[in-house]
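S.K.: Here you go, this is run.txt (compact mmCIF, C-alpha atoms (C1' of nucleotides)).
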# COMPACT_ATOMS: atom_id res chain seq x y z
CA MET A 1 7.05 -1.43 -40.55
CA GLU A 2 7.26 1.94 -38.75
CA THR A 3 10.51 3.70 -39.45
CA SER A 4 10.00 7.30 -38.31
CA VAL A 5 10.01 8.50 -34.72
CA ASN A 6 6.94 7.21 -32.94
CA THR A 7 5.60 6.80 -29.43
CA LYS A 8 7.76 3.74 -28.83
CA THR A 9 11.04 5.33 -29.85
CA PRO A 10 13.35 5.77 -26.86
CA ILE A 11 14.47 9.38 -26.66
CA TYR A 12 14.54 10.66 -23.07
CA PRO A 13 17.50 10.07 -20.74
CA ILE A 14 16.57 9.41 -17.14
CA ARG A 15 16.97 12.99 -15.94
CA THR A 16 14.54 14.27 -18.57
CA ALA A 17 12.04 11.50 -17.89
CA ALA A 18 12.16 12.20 -14.15
CA LYS A 19 11.61 15.91 -14.73
CA LEU A 20 8.70 15.29 -17.11
CA LEU A 21 7.07 13.02 -14.53
CA GLY A 22 7.88 15.21 -11.54
CA ILE A 23 9.72 12.48 -9.64
CA SER A 24 13.31 11.74 -8.73
CA ILE A 25 15.79 9.61 -10.59
CA PRO A 26 16.08 6.97 -7.83
CA THR A 27 12.31 6.54 -7.92
CA LEU A 28 12.44 5.70 -11.61
CA ARG A 29 15.19 3.18 -10.93
CA MET A 30 13.10 1.67 -8.13
CA TYR A 31 10.08 1.18 -10.37
CA GLU A 32 12.32 -0.67 -12.76
CA LYS A 33 13.86 -2.80 -10.01
CA GLU A 34 10.33 -3.70 -8.87
CA GLY A 35 9.50 -4.81 -12.40
CA LEU A 36 6.88 -2.17 -13.16
CA ILE A 37 8.73 -0.79 -16.16
CA ILE A 38 11.33 -1.99 -18.67
CA PRO A 39 13.11 0.98 -20.24
CA HIS A 40 15.41 0.67 -23.22
CA LYS A 41 19.14 0.73 -22.57
CA THR A 42 22.06 2.11 -24.56
CA GLU A 43 25.11 0.05 -25.43
CA GLY A 44 26.70 1.53 -22.32
CA ASN A 45 23.78 0.42 -20.14
CA GLN A 46 22.16 3.83 -19.76
CA ARG A 47 18.36 4.05 -19.61
CA ILE A 48 16.35 5.79 -22.31
CA TYR A 49 12.60 6.27 -22.09
CA SER A 50 10.04 6.50 -24.88
CA GLU A 51 6.80 8.49 -24.86
CA ALA A 52 5.00 5.16 -24.33
CA ASP A 53 7.20 4.49 -21.31
CA LEU A 54 6.21 7.87 -19.85
CA GLU A 55 2.55 7.11 -20.42
CA ARG A 56 2.94 3.80 -18.64
CA LEU A 57 4.71 5.54 -15.77
CA ARG A 58 1.95 8.13 -15.47
CA CYS A 59 -0.48 5.27 -15.18
CA ILE A 60 1.60 3.70 -12.42
CA ARG A 61 1.81 7.05 -10.62
CA ARG A 62 -1.98 7.39 -10.72
CA ALA A 63 -2.37 3.93 -9.22
CA ILE A 64 0.01 4.81 -6.39
CA SER A 65 -0.92 8.43 -5.69
CA ASP A 66 -4.61 8.56 -6.57
CA SER A 67 -5.86 5.00 -6.17
CA LYS A 68 -3.57 4.28 -3.18
CA ILE A 69 -2.52 0.92 -4.53
CA SER A 70 0.89 -0.13 -3.17
CA ILE A 71 3.69 -1.18 -5.49
CA ASN A 72 3.28 -4.80 -4.41
CA GLY A 73 -0.42 -4.45 -5.11
CA ILE A 74 0.32 -3.28 -8.65
CA LYS A 75 2.73 -6.17 -9.15
CA THR A 76 0.09 -8.61 -8.00
CA ILE A 77 -2.51 -7.10 -10.33
CA TYR A 78 -0.10 -7.38 -13.25
CA SER A 79 0.51 -11.01 -12.30
CA LEU A 80 -3.20 -11.66 -12.87
CA ILE A 81 -3.05 -10.66 -16.52
CA PRO A 82 -3.94 -13.85 -18.45
CA CYS A 83 -0.74 -13.71 -20.45
CA TRP A 84 -1.20 -17.30 -21.65
CA GLU A 85 -4.21 -16.11 -23.67
CA VAL A 86 -2.23 -13.24 -25.17
CA VAL A 87 0.83 -15.19 -26.25
CA LYS A 88 -1.16 -18.37 -26.91
CA CYS A 89 1.35 -20.63 -25.26
CA SER A 90 1.04 -24.41 -25.20
CA GLU A 91 0.01 -26.59 -22.29
CA ASP A 92 3.65 -27.65 -21.89
CA ASP A 93 4.70 -24.01 -21.87
CA ARG A 94 2.25 -23.29 -19.09
CA LYS A 95 3.48 -26.23 -17.05
CA ASN A 96 7.03 -24.92 -17.29
CA CYS A 97 6.08 -21.32 -16.64
CA ASN A 98 6.64 -19.70 -13.26
CA ALA A 99 4.52 -16.75 -14.34
CA PHE A 100 1.52 -18.99 -15.05
CA GLN A 101 1.87 -20.65 -11.65
CA GLY A 102 2.53 -17.61 -9.45
CA HIS A 103 0.73 -14.44 -8.51
CA GLU A 104 3.32 -12.10 -7.02
CA GLN A 105 5.32 -10.86 -9.97
CA PRO A 106 4.35 -9.77 -13.49
CA CYS A 107 5.22 -12.42 -16.07
CA TRP A 108 7.80 -10.17 -17.70
CA THR A 109 9.96 -10.25 -14.55
CA PHE A 110 10.56 -13.99 -14.93
CA ASN A 111 13.04 -15.89 -16.96
CA HIS A 112 11.08 -18.12 -19.30
CA PRO A 113 13.32 -21.06 -20.14
CA ASN A 114 11.55 -23.79 -22.09
CA THR A 115 8.55 -21.69 -23.08
CA ILE A 116 7.45 -19.79 -26.16
CA CYS A 117 8.44 -16.61 -24.32
CA ALA A 118 12.10 -17.65 -24.07
CA ASP A 119 12.82 -16.15 -27.49
CA ARG A 120 10.66 -13.09 -27.09
CA ASP A 121 11.46 -9.61 -25.80
CA CYS A 122 9.02 -8.93 -22.97
CA LYS A 123 9.12 -5.17 -23.39
CA GLU A 124 7.73 -5.58 -26.91
CA CYS A 125 5.09 -8.07 -25.79
CA ASP A 126 1.40 -7.14 -25.76
CA VAL A 127 1.13 -8.47 -22.20
CA TYR A 128 3.50 -5.75 -21.07
CA THR A 129 2.47 -2.95 -23.41
CA LYS A 130 -1.31 -3.25 -23.59
CA TYR A 131 -2.46 -3.91 -20.02
CA SER A 132 -0.73 -1.26 -17.96
CA GLU A 133 -3.87 -0.31 -16.05
CA CYS A 134 -6.59 -2.09 -14.15
CA GLY A 135 -9.43 -1.24 -16.46
CA LYS A 136 -7.55 -2.82 -19.33
CA VAL A 137 -6.73 -5.92 -17.29
CA LYS A 138 -10.38 -6.37 -16.41
CA GLY A 139 -11.28 -5.74 -20.04
CA LEU A 140 -9.05 -8.62 -21.08
CA ILE A 141 -10.58 -10.92 -18.47
CA LYS A 142 -14.01 -10.02 -19.84
CA LYS A 143 -12.83 -10.69 -23.35
CA ILE A 144 -11.46 -14.15 -22.68
CA SER A 145 -14.73 -15.08 -21.04
CA GLY A 146 -16.52 -14.03 -24.22
CA PHE A 147 -17.83 -10.59 -23.26
CA ASN A 148 -17.05 -6.93 -23.78
CA MET Z 1 -28.64 -29.07 3.95
CA GLU Z 2 -26.15 -28.60 6.80
CA THR Z 3 -27.89 -28.19 10.13
CA SER Z 4 -25.19 -28.66 12.78
CA VAL Z 5 -22.53 -26.13 13.73
CA ASN Z 6 -20.09 -25.72 10.85
CA THR Z 7 -17.40 -23.39 9.66
CA LYS Z 8 -19.95 -20.86 8.43
CA THR Z 9 -21.89 -20.63 11.68
CA PRO Z 10 -21.45 -17.20 13.29
CA ILE Z 11 -20.28 -17.64 16.89
CA TYR Z 12 -17.62 -15.09 17.86
CA PRO Z 13 -18.47 -11.56 19.03
CA ILE Z 14 -16.09 -8.87 17.84
CA ARG Z 15 -13.91 -8.87 20.95
CA THR Z 16 -13.23 -12.59 20.63
CA ALA Z 17 -12.59 -12.36 16.91
CA ALA Z 18 -10.16 -9.49 17.44
CA LYS Z 19 -8.30 -11.41 20.12
CA LEU Z 20 -8.09 -14.56 18.00
CA LEU Z 21 -6.66 -12.53 15.14
CA GLY Z 22 -4.35 -10.40 17.27
CA ILE Z 23 -5.79 -7.11 16.08
CA SER Z 24 -7.97 -4.38 17.57
CA ILE Z 25 -11.71 -4.00 17.34
CA PRO Z 26 -11.59 -0.76 15.31
CA THR Z 27 -9.41 -2.52 12.76
CA LEU Z 28 -12.05 -5.20 12.27
CA ARG Z 29 -14.67 -2.51 11.80
CA MET Z 30 -12.45 -0.75 9.30
CA TYR Z 31 -12.01 -3.88 7.17
CA GLU Z 32 -15.77 -4.15 7.05
CA LYS Z 33 -16.21 -0.48 6.15
CA GLU Z 34 -13.72 -0.98 3.32
CA GLY Z 35 -15.77 -3.89 2.04
CA LEU Z 36 -13.21 -6.62 2.65
CA ILE Z 37 -15.47 -8.63 4.96
CA ILE Z 38 -19.20 -9.03 5.58
CA PRO Z 39 -19.80 -10.38 9.10
CA HIS Z 40 -23.18 -11.61 10.26
CA LYS Z 41 -25.20 -9.28 12.50
CA THR Z 42 -27.57 -9.94 15.38
CA GLU Z 43 -31.08 -8.50 15.53
CA GLY Z 44 -29.57 -5.68 17.57
CA ASN Z 45 -26.96 -4.97 14.87
CA GLN Z 46 -24.02 -6.52 16.67
CA ARG Z 47 -21.33 -8.33 14.65
CA ILE Z 48 -20.72 -12.06 14.97
CA TYR Z 49 -17.94 -13.84 13.13
CA SER Z 50 -17.77 -17.42 11.91
CA GLU Z 51 -14.68 -19.60 11.62
CA ALA Z 52 -14.86 -19.00 7.85
CA ASP Z 53 -14.86 -15.25 8.52
CA LEU Z 54 -11.72 -15.61 10.62
CA GLU Z 55 -10.05 -17.62 7.88
CA ARG Z 56 -10.91 -14.91 5.38
CA LEU Z 57 -9.53 -12.27 7.73
CA ARG Z 58 -6.28 -14.19 8.20
CA CYS Z 59 -5.96 -14.22 4.45
CA ILE Z 60 -6.47 -10.45 4.31
CA ARG Z 61 -3.92 -9.97 7.09
CA ARG Z 62 -1.35 -11.99 5.15
CA ALA Z 63 -1.94 -9.86 2.09
CA ILE Z 64 -1.41 -6.68 4.11
CA SER Z 65 1.39 -7.72 6.47
CA ASP Z 66 3.34 -10.25 4.44
CA SER Z 67 2.63 -9.41 0.81
CA LYS Z 68 2.52 -5.64 1.49
CA ILE Z 69 -0.59 -5.13 -0.60
CA SER Z 70 -2.52 -2.05 0.51
CA ILE Z 71 -6.21 -2.23 1.36
CA ASN Z 72 -7.09 -0.40 -1.85
CA GLY Z 73 -4.93 -2.89 -3.70
CA ILE Z 74 -6.88 -5.78 -2.22
CA LYS Z 75 -10.16 -4.10 -3.14
CA THR Z 76 -8.96 -3.66 -6.69
CA ILE Z 77 -7.90 -7.31 -6.91
CA TYR Z 78 -11.30 -8.43 -5.63
CA SER Z 79 -12.92 -6.20 -8.26
CA LEU Z 80 -11.16 -8.25 -10.93
CA ILE Z 81 -12.89 -11.48 -9.93
CA PRO Z 82 -14.98 -12.46 -12.97
CA CYS Z 83 -18.17 -12.57 -10.93
CA TRP Z 84 -20.32 -12.63 -14.06
CA GLU Z 85 -18.97 -16.10 -14.80
CA VAL Z 86 -19.71 -17.28 -11.27
CA VAL Z 87 -23.29 -16.05 -11.03
CA LYS Z 88 -23.93 -16.55 -14.75
CA CYS Z 89 -25.71 -13.24 -15.15
CA SER Z 90 -27.31 -12.14 -18.39
CA GLU Z 91 -26.02 -9.60 -20.86
CA ASP Z 92 -28.66 -7.16 -19.62
CA ASP Z 93 -27.56 -7.78 -16.05
CA ARG Z 94 -24.00 -6.94 -16.98
CA LYS Z 95 -25.04 -3.76 -18.72
CA ASN Z 96 -26.86 -2.65 -15.57
CA CYS Z 97 -24.08 -3.71 -13.22
CA ASN Z 98 -21.70 -1.21 -11.70
CA ALA Z 99 -19.50 -4.07 -10.51
CA PHE Z 100 -19.07 -5.39 -14.05
CA GLN Z 101 -18.13 -1.93 -15.29
CA GLY Z 102 -15.80 -0.78 -12.51
CA HIS Z 103 -12.52 -1.91 -11.04
CA GLU Z 104 -12.20 -0.18 -7.68
CA GLN Z 105 -14.62 -2.01 -5.38
CA PRO Z 106 -15.49 -5.68 -4.97
CA CYS Z 107 -18.86 -6.52 -6.53
CA TRP Z 108 -20.39 -7.30 -3.13
CA THR Z 109 -20.00 -3.67 -2.04
CA PHE Z 110 -22.42 -2.49 -4.72
CA ASN Z 111 -26.16 -2.31 -4.76
CA HIS Z 112 -27.32 -4.47 -7.63
CA PRO Z 113 -30.69 -3.13 -8.68
CA ASN Z 114 -32.02 -4.68 -11.88
CA THR Z 115 -29.63 -7.63 -11.88
CA ILE Z 116 -29.78 -11.27 -10.90
CA CYS Z 117 -27.80 -10.32 -7.79
CA ALA Z 118 -30.54 -8.00 -6.50
CA ASP Z 119 -32.26 -10.91 -4.76
CA ARG Z 120 -29.13 -12.62 -3.53
CA ASP Z 121 -27.19 -12.29 -0.28
CA CYS Z 122 -23.63 -11.40 -1.25
CA LYS Z 123 -22.08 -12.89 1.86
CA GLU Z 124 -23.43 -16.30 0.82
CA CYS Z 125 -22.28 -15.88 -2.77
CA ASP Z 126 -19.42 -17.95 -4.17
CA VAL Z 127 -17.84 -14.76 -5.53
CA TYR Z 128 -17.37 -13.55 -1.96
CA THR Z 129 -16.69 -16.87 -0.23
CA LYS Z 130 -14.48 -18.74 -2.67
CA TYR Z 131 -12.00 -16.19 -3.99
CA SER Z 132 -10.61 -14.51 -0.90
CA GLU Z 133 -7.01 -14.80 -2.01
CA CYS Z 134 -5.02 -14.01 -5.11
CA GLY Z 135 -4.10 -17.54 -6.01
CA LYS Z 136 -7.76 -18.46 -6.10
CA VAL Z 137 -8.64 -15.41 -8.20
CA LYS Z 138 -5.97 -16.33 -10.71
CA GLY Z 139 -7.20 -19.92 -10.62
CA LEU Z 140 -10.65 -18.75 -11.63
CA ILE Z 141 -9.26 -16.64 -14.46
CA LYS Z 142 -7.39 -19.70 -15.70
CA LYS Z 143 -10.52 -21.78 -15.44
CA ILE Z 144 -12.73 -19.45 -17.47
CA SER Z 145 -10.09 -19.42 -20.18
CA GLY Z 146 -10.28 -23.20 -20.29
CA PHE Z 147 -7.20 -24.18 -18.30
CA ASN Z 148 -6.21 -25.38 -14.87
C1' DG U 1 40.90 14.70 -21.64
C1' DA U 2 37.58 17.61 -19.42
C1' DT U 3 32.67 18.38 -18.26
C1' DA U 4 28.22 16.60 -17.63
C1' DG U 5 25.42 12.86 -16.83
C1' DT U 6 24.98 8.09 -15.69
C1' DT U 7 25.38 3.66 -12.96
C1' DG U 8 24.11 0.65 -8.69
C1' DA U 9 24.22 0.76 -3.73
C1' DT U 10 23.40 2.44 0.85
C1' DA U 11 21.71 5.47 4.14
C1' DG U 12 18.39 8.75 5.43
C1' DT U 13 13.95 11.32 5.18
C1' DT U 14 8.99 12.01 4.70
C1' DA U 15 4.37 11.30 3.89
C1' DT U 16 0.62 8.65 5.10
C1' DA U 17 -1.91 4.18 5.32
C1' DA U 18 -2.97 1.27 8.87
C1' DA U 19 -3.93 0.74 13.30
C1' DT U 20 -5.43 2.33 17.82
C1' DA U 21 -7.67 5.08 21.64
C1' DT U 22 -11.52 7.24 23.28
C1' DC U 23 -16.29 8.78 23.28
C1' DA U 24 -21.50 8.97 24.36
C1' DA U 25 -25.37 6.21 22.90
C1' DC U 26 -27.10 1.71 22.41
C1' DT U 27 -27.68 -3.71 23.15
C1' DA U 28 -27.18 -8.01 25.67
C1' DT U 29 -27.35 -10.90 29.79
C1' DC U 30 -27.78 -11.86 34.48
C1' DG T 1 -31.92 -2.33 36.47
C1' DA T 2 -27.01 -3.03 36.81
C1' DT T 3 -22.78 -4.76 34.56
C1' DA T 4 -20.39 -5.86 30.51
C1' DG T 5 -19.98 -5.40 25.82
C1' DT T 6 -21.35 -3.19 21.68
C1' DT T 7 -22.22 0.61 18.23
C1' DG T 8 -20.46 4.45 14.89
C1' DA T 9 -17.66 8.54 14.84
C1' DT T 10 -13.62 11.33 15.51
C1' DA T 11 -9.06 12.19 16.98
C1' DT T 12 -4.50 10.40 17.57
C1' DT T 13 -0.60 7.42 17.16
C1' DT T 14 2.64 4.41 14.81
C1' DA T 15 4.86 1.73 11.58
C1' DT T 16 6.76 1.77 7.24
C1' DA T 17 6.33 2.12 2.14
C1' DA T 18 7.63 5.44 -0.93
C1' DC T 19 10.69 8.54 -1.98
C1' DT T 20 15.15 11.24 -1.95
C1' DA T 21 20.13 12.33 -1.16
C1' DT T 22 24.63 11.07 -1.65
C1' DC T 23 28.49 8.19 -3.10
C1' DA T 24 32.58 6.40 -5.99
C1' DA T 25 32.88 4.15 -10.41
C1' DC T 26 31.54 4.34 -15.06
C1' DT T 27 29.70 6.37 -19.85
C1' DA T 28 28.74 10.02 -23.13
C1' DT T 29 29.80 14.21 -25.79
C1' DC T 30 32.38 18.10 -27.01
Written as structure tokens, that's how I'd like the structure from this file.

M.R.:
Amino acid sequence: METSVNTKTPIYPIRTAAKLLGISIPTLRMYEKEGLIIPHKTEGNQRIYSEADLERLRCIRRAISDSKISINGIKTIYSLIPCWEVVKCSEDDRKNCNAFQGHEQPCWTFNHPNTICADRDCKECDVYTKYSECGKVKGLIKKISGFN
Amino acid sequence: METSVNTKTPIYPIRTAAKLLGISIPTLRMYEKEGLIIPHKTEGNQRIYSEADLERLRCIRRAISDSKISINGIKTIYSLIPCWEVVKCSEDDRKNCNAFQGHEQPCWTFNHPNTICADRDCKECDVYTKYSECGKVKGLIKKISGFN
DNA sequence: GATAGTTGATAGTTATAAATATCAACTATC
DNA sequence: GATAGTTGATATTTATAACTATCAACTATC
């Protein structure tokens, strides 16, 4: 168990995060509303970002600014992540899962009643943390088909 | 072997296709330049579209106008289609294949020297014809992981 | 308890992707 | 061979997604 400060420790309030990324505070809130990012929150509901969150956000910014992929495009790409292979959910889970059925929203933006994910915290889940960019998504698709 | 006129038979010149879709001729040319569509061509290099082409284009239009996915987003999504599972290419093929490695362009926009695809006509390939929309792409990803 | 920073919401701005218009050179059809 | 339609290329327009500013109500820190 990691106890010291690491890349996942939330430390930056929204103003600092925005400044480090070179964007405005409302933009950060929008990315969250769109389901691209899940920052930590304080008891008083204030957002705090970790170094890993910033890295994820830089990745999102590259997709938007450099690769010219729209936010809805990014959401759709995230929705293609084969999450069922990552969390190893059951056939019943998949039947009950809106994320498995759809292709508009990332799985972590859904409620998951009656699935293995119901008890889990999406922002700690590998599906959310490990496949933030296209190359990694494609890498996972290759992997589940037996290749690398 | 199908001999009569079917959905894949090229019949519409560009003006007709544009009118049927409610878009301009330059827009149709742009979609082709971006690699979203591969229309048939006459001996004199003029485009002719089939009913299947129109259906594909309607699907692209929905992605852009309704789902708000940018053209580069659509290209990226197409690049995630696990084509290697569809054409059953060899490990050597995959090593030599820019489509397998990348995630910016659909595989049918690449030259495929030194792969099984070198001899094939991409616009007849299942990769191009069968996975024109997101739901179908996700369906294929599910399938190769053993589910439906 | 006063100051600084946050919240979500709405209204407004801006940057630019997507679409169109126009062109001279070429192809098709009668 | 004349008319209509096409080609690719470049320049221009337009629609709007992405972003920002501002607000009163709330939270944090001294």

S.K.: Chain Z residues within 8 Å of chain U, counting all atoms listed in the file: which ones, as a PDB file with C-alpha atoms, in the coordinates of the input?

M.R.:
ATOM      1  CA  SER Z  24      -7.970  -4.380  17.570  1.00  0.00           C
ATOM      2  CA  PRO Z  26     -11.590  -0.760  15.310  1.00  0.00           C
ATOM      3  CA  THR Z  27      -9.410  -2.520  12.760  1.00  0.00           C
ATOM      4  CA  GLY Z  44     -29.570  -5.680  17.570  1.00  0.00           C
ATOM      5  CA  GLN Z  46     -24.020  -6.520  16.670  1.00  0.00           C
ATOM      6  CA  SER Z  70      -2.520  -2.050   0.510  1.00  0.00           C
TER       7      SER Z  70
END

S.K.: Which residues of chain T are close to chain Z, meaning at most 9 Å apart when you count only C-alpha atoms (C1' of nucleotides), and how do they look as an MDAnalysis selection string?

M.R.: chainID T and resid 5:7 17

S.K.: Residues of chain A within 10 Å of chain Z, counting all atoms listed in the file - could you list those as a ChimeraX atom specification?

M.R.: /A:63-64,67-77,79-82,84-85,91,94-95,100-104,134-139,141-148

S.K.: Would you mind reading off the distance between CA of Leu28 in chain Z and CA of Asp121 in chain Z, one decimal, in Å?

M.R.: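 Result for CA of Leu28 in chain Z versus CA of Asp121 in chain Z: 20.9 Å, one decimal.
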
S.K.: Using CA of Cys89 in chain Z and CA of Ile38 in chain Z as the two end points, give the distance in Å to one decimal.

M.R.: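 Pair CA of Cys89 in chain Z / CA of Ile38 in chain Z returns 22.1 Å.
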
S.K.: Give me the residues near Ile23 in chain A as a list in words, where near means some atom within 12 Å (using all atoms listed in the file) and where sequence neighbours in that chain fewer than 5 positions away do not count.

M.R.: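 Residues near the query, excluding close chain neighbours: Ile14, Arg15, Thr16, Ala17, Ala18, Leu28, Arg29, Met30, Tyr31, Leu54, Leu57, Arg58 and Arg61 of chain A; DA18, DC19 and DT20 of chain T.
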
S.K.: State, in Å with one decimal place, the distance from CA of Asp93 in chain Z to CA of Gln105 in chain Z.

M.R.: 17.7 Å

S.K.: May I ask which of the residues Z:Asp119, Z:Leu36, Z:Val87, Z:His112 is the closest one to Glu133 in chain Z, counting all atoms listed in the file?

M.R.: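 For Glu133 in chain Z, the nearest of the candidates is Z:Leu36.
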
S.K.: Set the distance at 10 Å and use only C-alpha atoms (C1' of nucleotides): which residues neighbour Pro113 in chain A once local chain neighbours fewer than 2 positions away are removed? I'd like the list as a ChimeraX atom specification.

M.R.: /A:93,96-98,110-111,115-119
